[in-house]
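Quick notes on the structure that follows.
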Amino acid sequence: MAIAKMNKLKLISFQNQKNSILEGIQSLQSLELIDISAEYADVPAMRAANRENLDSLSKEWEGYYNEYQELLLFLRGYLPQQKILDKLRTPKETLTIQEMHEQLAKVDRDLITGTISKAREDLKNYDRVLDSLSEDEIFLAKWQKLTHLPNRTSDQAFIRILTGTVPQTTADTFIREMKENPLIFIEEVFQSKEEYGINVAFDRRDENEVVNFLNENHFTMLNYEFEDIPEIELKRISRERNQILEEVSVLKNQLKGMQNEEWVLKLLIETAYAKFQRIRAKKMLVDERHLFVLEGWLEKSKVDDIREVLEERITSDNFALVVDDVQDDEVAKVPTVLNNNRFISPFENITAMYSLPKYNEIDPTPFLAPFYLVFFGMMLADLGYGLILFAATAIAIKFFRLDKSLKKNLMFFHLLSYPTMIWGLIYGSFFGFELPVVLLSTMDDVNTILLLSVIFGVIQILLGLGLKAYLLFRDKDVLGAISDGVGWIVIFVGLIILILASMVFPNAFLATLGKGVAIGGVAAILIASSLAANNKAAGFGIGLYNLYGITGYVGDIVSYTRLMALGVSGASIALAFNMIIEFLPPLARVTIGILLFVLLHTVNIGLSLLSAYVHGARLIFVEFFGKFYEGGGKPLEPLTTSEEYIDLKNNYNG
């Protein structure tokens with residue numbers, strides 16, 4: 001239960017083995033490559049990889065990856081959809097990179113991607129045509145009463161007919177004036193909220209006067225681009241639409257049967273992602289005419305695995321592997337890998353949310369986990385809520401196919417269900433109803449719960465100070481350990497003895513002893529601060545200022561009262577919800593009352609879960625980590641695959 005020990009690896013091999021070696025490293029998913037291109041810049045025989053060419057190749061394969069993703073997204077829109085529960089229960093396929101390539105070698109990938117791409121373009125074109133037909137149909141539907149081709153009657157000898165629109169106004173001014181004009185005859189074709197569609201007939205001898213009149217009344221000539229009258233064109237559109245819809249239906253039915261093509265796209269996505277990751281990795285290497293060099297970070301426990309990977313792909317006389325321990329000047333560069341058992345590892349997310357520890361720090365996860373369990377349970381504290389959390393997470397973990405991170409998160413909340421149930425039993429609360437046995441009542445024992453909250457807080461603060469002292473002793477800073485850790489622990493112990501001897505178990509001797517211990521802690525801080533400084537007087541002043549930090553510790557201890565406040569408030573809200581339902585008439589209680597019970601308690605569970613999660617983390621980050629923990633470590637970023645659709649088979653269990 002600590003930070004995994006790391007090694008720095010240097011691998012030298014032949015150029016013609018580079019691709020095979022990188023693929024093997026990728027299958028291990030544990031080695032983070034170090035960019036050494038600048039390190040060997042001054043070595044004449046060595047040269048950095050051709051970055052321009054590799055950048056181009058990387059973009060090319062990333063483009064393939066994105067294209068395959070888009071094709072898969074398109075295809076999935078037409079494939080039969082799995083039921084959600086079936087989908088969650090179906091595990092992902094597990095293959096090696098080599099097995100993926102072998103499966104792809106059996107199919108014509110270009111034909112498959114080309115067919116799906118063409119289907120996508122055809123459907124887009126059909127949509128465009130259908131949209132265009134719909135627009136034409138809307139236009140023609142307005143003018144379907146027309147029995148002639150608009151504005152094409154110029155060959156008539158005496159009469160001219162113009163077709164167009166005039167705006168509709170509140171008083172219908174324009175259309176009324178037109179109808180009253182003796183020089184023209186108006187035939188109304190359609191009327192909408194915005195305009196009138198009309199035919200205007202007039203004597204050709206009056207054309208100039210009529211045209212001026214029409215312009216004054218905002219008449220707009222109809223631009224009719226169709227070959228036949230609207231009625232015939234509408235029938236044509238209907239025929240064309242039916243034909244296109246039939247073709248679309250055939251194409252969609254073809255897409256529905258492309259489950260094999262879906263699998264091929266998943267293979268292509270995984271292999272394309274793996275390929276451009278390996279190309280990017282090549283930019284971190286250094287080449288010689290016949291050889292290449294790579295360096296990376298790897299967990300010490302997996303060094304034998306990488307030897308096994310290499311020996312499977314190339315003979316041992318074709319590579320040289322140098323394994324070094326981490327040097328002091330490399331500590332800041334080493335990635336951090338947390339290595340905890342299955343009960344502690346789910347709490348690594350809390351540590352990572354704050355910041356991973358540096359390689360030379362301690363992993364705070366084993367120390368925060370017990371406190372987070374207790375704090376979360378105290379704040380949620382209901383047997384019913386805990387049972388729901390337990391059942392929901394247990395079913396999901398047992399029966400559903402989950403990725404590693406989601407499974408880890410669910411395990412985190414599953415573990416939290418146990419203290420929730422335990423504290424629910426202690427508080428005697430089951431969905432807000434009081435159990436027959438109540439050890440601590442959230443109504444009557446608030447002061448006791450408050451005292452418990454403070455006690456847990458003091459214990460956690462003392463642990464934080466103890467860890468601080470340990471780290472300083474480890475780094476040979478004895479005086480710092482006394483002034484920043486041991487001295488404060490002694491003060492707290494003395495004050496605890498004094499409080500117990502004065503208020504709980506009255507005893508003059510113990511009270512005096514407590515005072516003496518606390519004063520001894522103060523003296524230790526002042527002396528250690530003075531000895532640590534070159535200027536003793538200034539050091540004494542620093543010690544006094546350090547003692548002023550007691551006010552901060554008071555604030556820290558007060559922060560833990562939220563454990564009581566949130567636990568009591570959640571129980572009170574649950575009780576209030578139950579009282580609301582009890583006010584309903586008997587018949588309503590077993591109908592709408594059940595629905596209200598589920599709805600209201602669902603809201604309370606959600607809010608209580610959120611509060612417990614956030615405030616528990618806040619106590620860890622501020623009150624606990626603030627005493628000893630810095631963080632600032634960086635996670636391991638190994639050369640790996642996406643595992644979005646296919647899990648990578650790993651046969652190495654170092």
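Lettering and numbering for the structure tokens are positional, with chains as A, B, ... in the shown order, residues counted from 1 in each chain, and ligands counted from 1 in the shown order.
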
*asked:* When DSSP is applied to the backbone of this structure, which of range 302-536 of chain A are assigned alpha helix (DSSP H)? Write them out as a PyMOL selection string.
replied: chain A and resi 303-313+348-354+365-380+383-399+404-427+446-474+478-481+487-499+508-532+536

*asked:* Report as number ranges by chain all protein, DNA and RNA residues lying within 10 Å of Lys5 in chain A, evaluated on only C-alpha atoms, omitting residues in the same chain fewer than 3 positions from it.
replied: A: 2, 298-301, 325-326, 336-339, 359

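Ranking A:Tyr372, A:Asp329, A:Gly296, A:Phe624 by their shortest atom-to-atom distance to Leu465 in chain A, with only C-alpha atoms included, puts A:Phe624 first.
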
*Can you list, as a ChimeraX atom specification, all residues belonging to range 49-291 of chain A that DSSP tags as strand (DSSP E or B)?*
/A:93-95,159-167,184-191,195-203,220-221,286-287,291

Can you spit out the residues from that selection as a CSV table (one decimal), in the first residue's frame, using C-alpha atoms?
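Final file, again_8.csv:
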```csv
chain,number,residue,atom,x,y,z
A,93,GLU,CA,-14.1,-8.5,-26.9
A,94,THR,CA,-10.5,-9.0,-25.7
A,95,LEU,CA,-7.8,-9.3,-28.4
A,159,ILE,CA,-55.0,40.8,-72.8
A,160,ARG,CA,-52.0,40.4,-70.5
A,161,ILE,CA,-52.1,38.4,-67.3
A,162,LEU,CA,-49.6,38.9,-64.6
A,163,THR,CA,-49.3,36.6,-61.6
A,164,GLY,CA,-47.7,37.6,-58.3
A,165,THR,CA,-48.2,38.7,-54.7
A,166,VAL,CA,-49.1,41.8,-52.7
A,167,PRO,CA,-48.5,42.2,-49.0
A,184,ILE,CA,-57.6,45.6,-64.1
A,185,PHE,CA,-59.3,42.4,-63.2
A,186,ILE,CA,-58.1,40.6,-60.0
A,187,GLU,CA,-58.4,36.8,-59.4
A,188,GLU,CA,-57.3,35.7,-55.9
A,189,VAL,CA,-55.3,32.5,-56.0
A,190,PHE,CA,-54.5,32.2,-52.3
A,191,GLN,CA,-54.4,34.2,-49.1
A,195,GLU,CA,-49.6,38.1,-48.6
A,196,TYR,CA,-52.2,37.5,-51.3
A,197,GLY,CA,-51.4,35.5,-54.4
A,198,ILE,CA,-53.3,37.0,-57.4
A,199,ASN,CA,-53.7,37.0,-61.1
A,200,VAL,CA,-54.0,40.5,-62.7
A,201,ALA,CA,-55.6,40.8,-66.1
A,202,PHE,CA,-55.6,44.0,-68.1
A,203,ASP,CA,-55.8,45.5,-71.6
A,220,THR,CA,-44.2,41.4,-56.8
A,221,MET,CA,-44.1,39.3,-60.0
A,286,VAL,CA,16.9,8.7,-31.1
A,287,ASP,CA,18.2,6.9,-34.2
A,291,LEU,CA,20.3,1.2,-34.1
```

Please report as a tab-separated table every residue of range 202-265 of chain A lying within 12 Å of range 632-649 of chain A, along with the nearest atom pair and their distance in Å (one decimal), using only C-alpha atoms.
```
residue	atom	partner	partner_atom	distance
A:Glu262	CA	A:Tyr645	CA	10.7
A:Trp263	CA	A:Tyr645	CA	9.2
A:Val264	CA	A:Tyr645	CA	11.1
A:Leu265	CA	A:Tyr645	CA	9.8
```

Write out as a PDB file with N, CA and C atoms, in the first residue's frame each polymer residue whose atoms come within 12 Å of Phe139 in chain A, counting only C-alpha atoms; drop sequence neighbours fewer than 2 positions from it.
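Output file out.pdb follows:
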```pdb
ATOM      1  N   SER A 132     -35.381  19.765 -50.923  1.00  0.00           N
ATOM      2  CA  SER A 132     -35.692  20.616 -52.078  1.00  0.00           C
ATOM      3  C   SER A 132     -37.110  20.357 -52.568  1.00  0.00           C
ATOM      4  N   LEU A 133     -37.507  19.077 -52.623  1.00  0.00           N
ATOM      5  CA  LEU A 133     -38.869  18.745 -53.050  1.00  0.00           C
ATOM      6  C   LEU A 133     -39.900  19.310 -52.075  1.00  0.00           C
ATOM      7  N   SER A 134     -39.588  19.253 -50.788  1.00  0.00           N
ATOM      8  CA  SER A 134     -40.514  19.799 -49.782  1.00  0.00           C
ATOM      9  C   SER A 134     -40.676  21.301 -49.948  1.00  0.00           C
ATOM     10  N   GLU A 135     -39.569  21.985 -50.206  1.00  0.00           N
ATOM     11  CA  GLU A 135     -39.651  23.430 -50.439  1.00  0.00           C
ATOM     12  C   GLU A 135     -40.493  23.731 -51.675  1.00  0.00           C
ATOM     13  N   ASP A 136     -40.250  22.959 -52.755  1.00  0.00           N
ATOM     14  CA  ASP A 136     -41.042  23.159 -53.977  1.00  0.00           C
ATOM     15  C   ASP A 136     -42.513  22.865 -53.720  1.00  0.00           C
ATOM     16  N   GLU A 137     -42.774  21.823 -52.932  1.00  0.00           N
ATOM     17  CA  GLU A 137     -44.160  21.440 -52.656  1.00  0.00           C
ATOM     18  C   GLU A 137     -44.888  22.532 -51.881  1.00  0.00           C
ATOM     19  N   ALA A 141     -48.012  24.311 -53.512  1.00  0.00           N
ATOM     20  CA  ALA A 141     -49.307  24.114 -52.860  1.00  0.00           C
ATOM     21  C   ALA A 141     -50.082  25.422 -52.754  1.00  0.00           C
ATOM     22  N   LYS A 142     -49.354  26.518 -52.566  1.00  0.00           N
ATOM     23  CA  LYS A 142     -50.030  27.823 -52.494  1.00  0.00           C
ATOM     24  C   LYS A 142     -50.661  28.197 -53.831  1.00  0.00           C
ATOM     25  N   TRP A 143     -49.991  27.802 -54.918  1.00  0.00           N
ATOM     26  CA  TRP A 143     -50.407  28.236 -56.259  1.00  0.00           C
ATOM     27  C   TRP A 143     -51.121  27.133 -57.044  1.00  0.00           C
ATOM     28  N   GLN A 144     -51.589  26.099 -56.345  1.00  0.00           N
ATOM     29  CA  GLN A 144     -52.135  24.955 -57.074  1.00  0.00           C
ATOM     30  C   GLN A 144     -53.439  25.264 -57.811  1.00  0.00           C
ATOM     31  N   PHE A 190     -54.584  32.626 -53.661  1.00  0.00           N
ATOM     32  CA  PHE A 190     -54.458  32.162 -52.273  1.00  0.00           C
ATOM     33  C   PHE A 190     -54.318  33.373 -51.365  1.00  0.00           C
ATOM     34  N   GLY A 197     -51.893  35.930 -53.081  1.00  0.00           N
ATOM     35  CA  GLY A 197     -51.435  35.507 -54.397  1.00  0.00           C
ATOM     36  C   GLY A 197     -52.538  35.793 -55.405  1.00  0.00           C
ATOM     37  N   LEU A 222     -44.440  36.935 -59.771  1.00  0.00           N
ATOM     38  CA  LEU A 222     -44.084  35.574 -59.384  1.00  0.00           C
ATOM     39  C   LEU A 222     -42.968  35.044 -60.279  1.00  0.00           C
ATOM     40  N   ASN A 223     -41.921  34.505 -59.641  1.00  0.00           N
ATOM     41  CA  ASN A 223     -40.832  33.862 -60.384  1.00  0.00           C
ATOM     42  C   ASN A 223     -41.115  32.360 -60.416  1.00  0.00           C
ATOM     43  N   TYR A 224     -41.665  31.888 -61.507  1.00  0.00           N
ATOM     44  CA  TYR A 224     -42.109  30.495 -61.624  1.00  0.00           C
ATOM     45  C   TYR A 224     -41.142  29.749 -62.525  1.00  0.00           C
ATOM     46  N   GLU A 225     -40.409  28.796 -61.955  1.00  0.00           N
ATOM     47  CA  GLU A 225     -39.334  28.126 -62.689  1.00  0.00           C
ATOM     48  C   GLU A 225     -39.682  26.699 -63.102  1.00  0.00           C
ATOM     49  N   PHE A 226     -40.927  26.311 -62.986  1.00  0.00           N
ATOM     50  CA  PHE A 226     -41.326  24.941 -63.306  1.00  0.00           C
ATOM     51  C   PHE A 226     -41.862  24.847 -64.730  1.00  0.00           C
ATOM     52  N   PRO A 230     -48.885  24.085 -61.449  1.00  0.00           N
ATOM     53  CA  PRO A 230     -48.659  23.537 -60.114  1.00  0.00           C
ATOM     54  C   PRO A 230     -49.291  22.173 -59.875  1.00  0.00           C
ATOM     55  N   GLU A 231     -50.494  21.950 -60.360  1.00  0.00           N
ATOM     56  CA  GLU A 231     -51.172  20.676 -60.107  1.00  0.00           C
ATOM     57  C   GLU A 231     -50.357  19.508 -60.653  1.00  0.00           C
ATOM     58  N   GLU A 233     -47.105  19.587 -61.441  1.00  0.00           N
ATOM     59  CA  GLU A 233     -45.810  19.549 -60.755  1.00  0.00           C
ATOM     60  C   GLU A 233     -45.919  18.885 -59.383  1.00  0.00           C
ATOM     61  N   LEU A 234     -47.031  19.106 -58.691  1.00  0.00           N
ATOM     62  CA  LEU A 234     -47.224  18.472 -57.382  1.00  0.00           C
ATOM     63  C   LEU A 234     -47.311  16.956 -57.511  1.00  0.00           C
ATOM     64  N   ILE A 237     -43.772  15.729 -58.060  1.00  0.00           N
ATOM     65  CA  ILE A 237     -43.028  15.734 -56.794  1.00  0.00           C
ATOM     66  C   ILE A 237     -43.409  14.532 -55.938  1.00  0.00           C
TER      67      ILE A 237
END
```
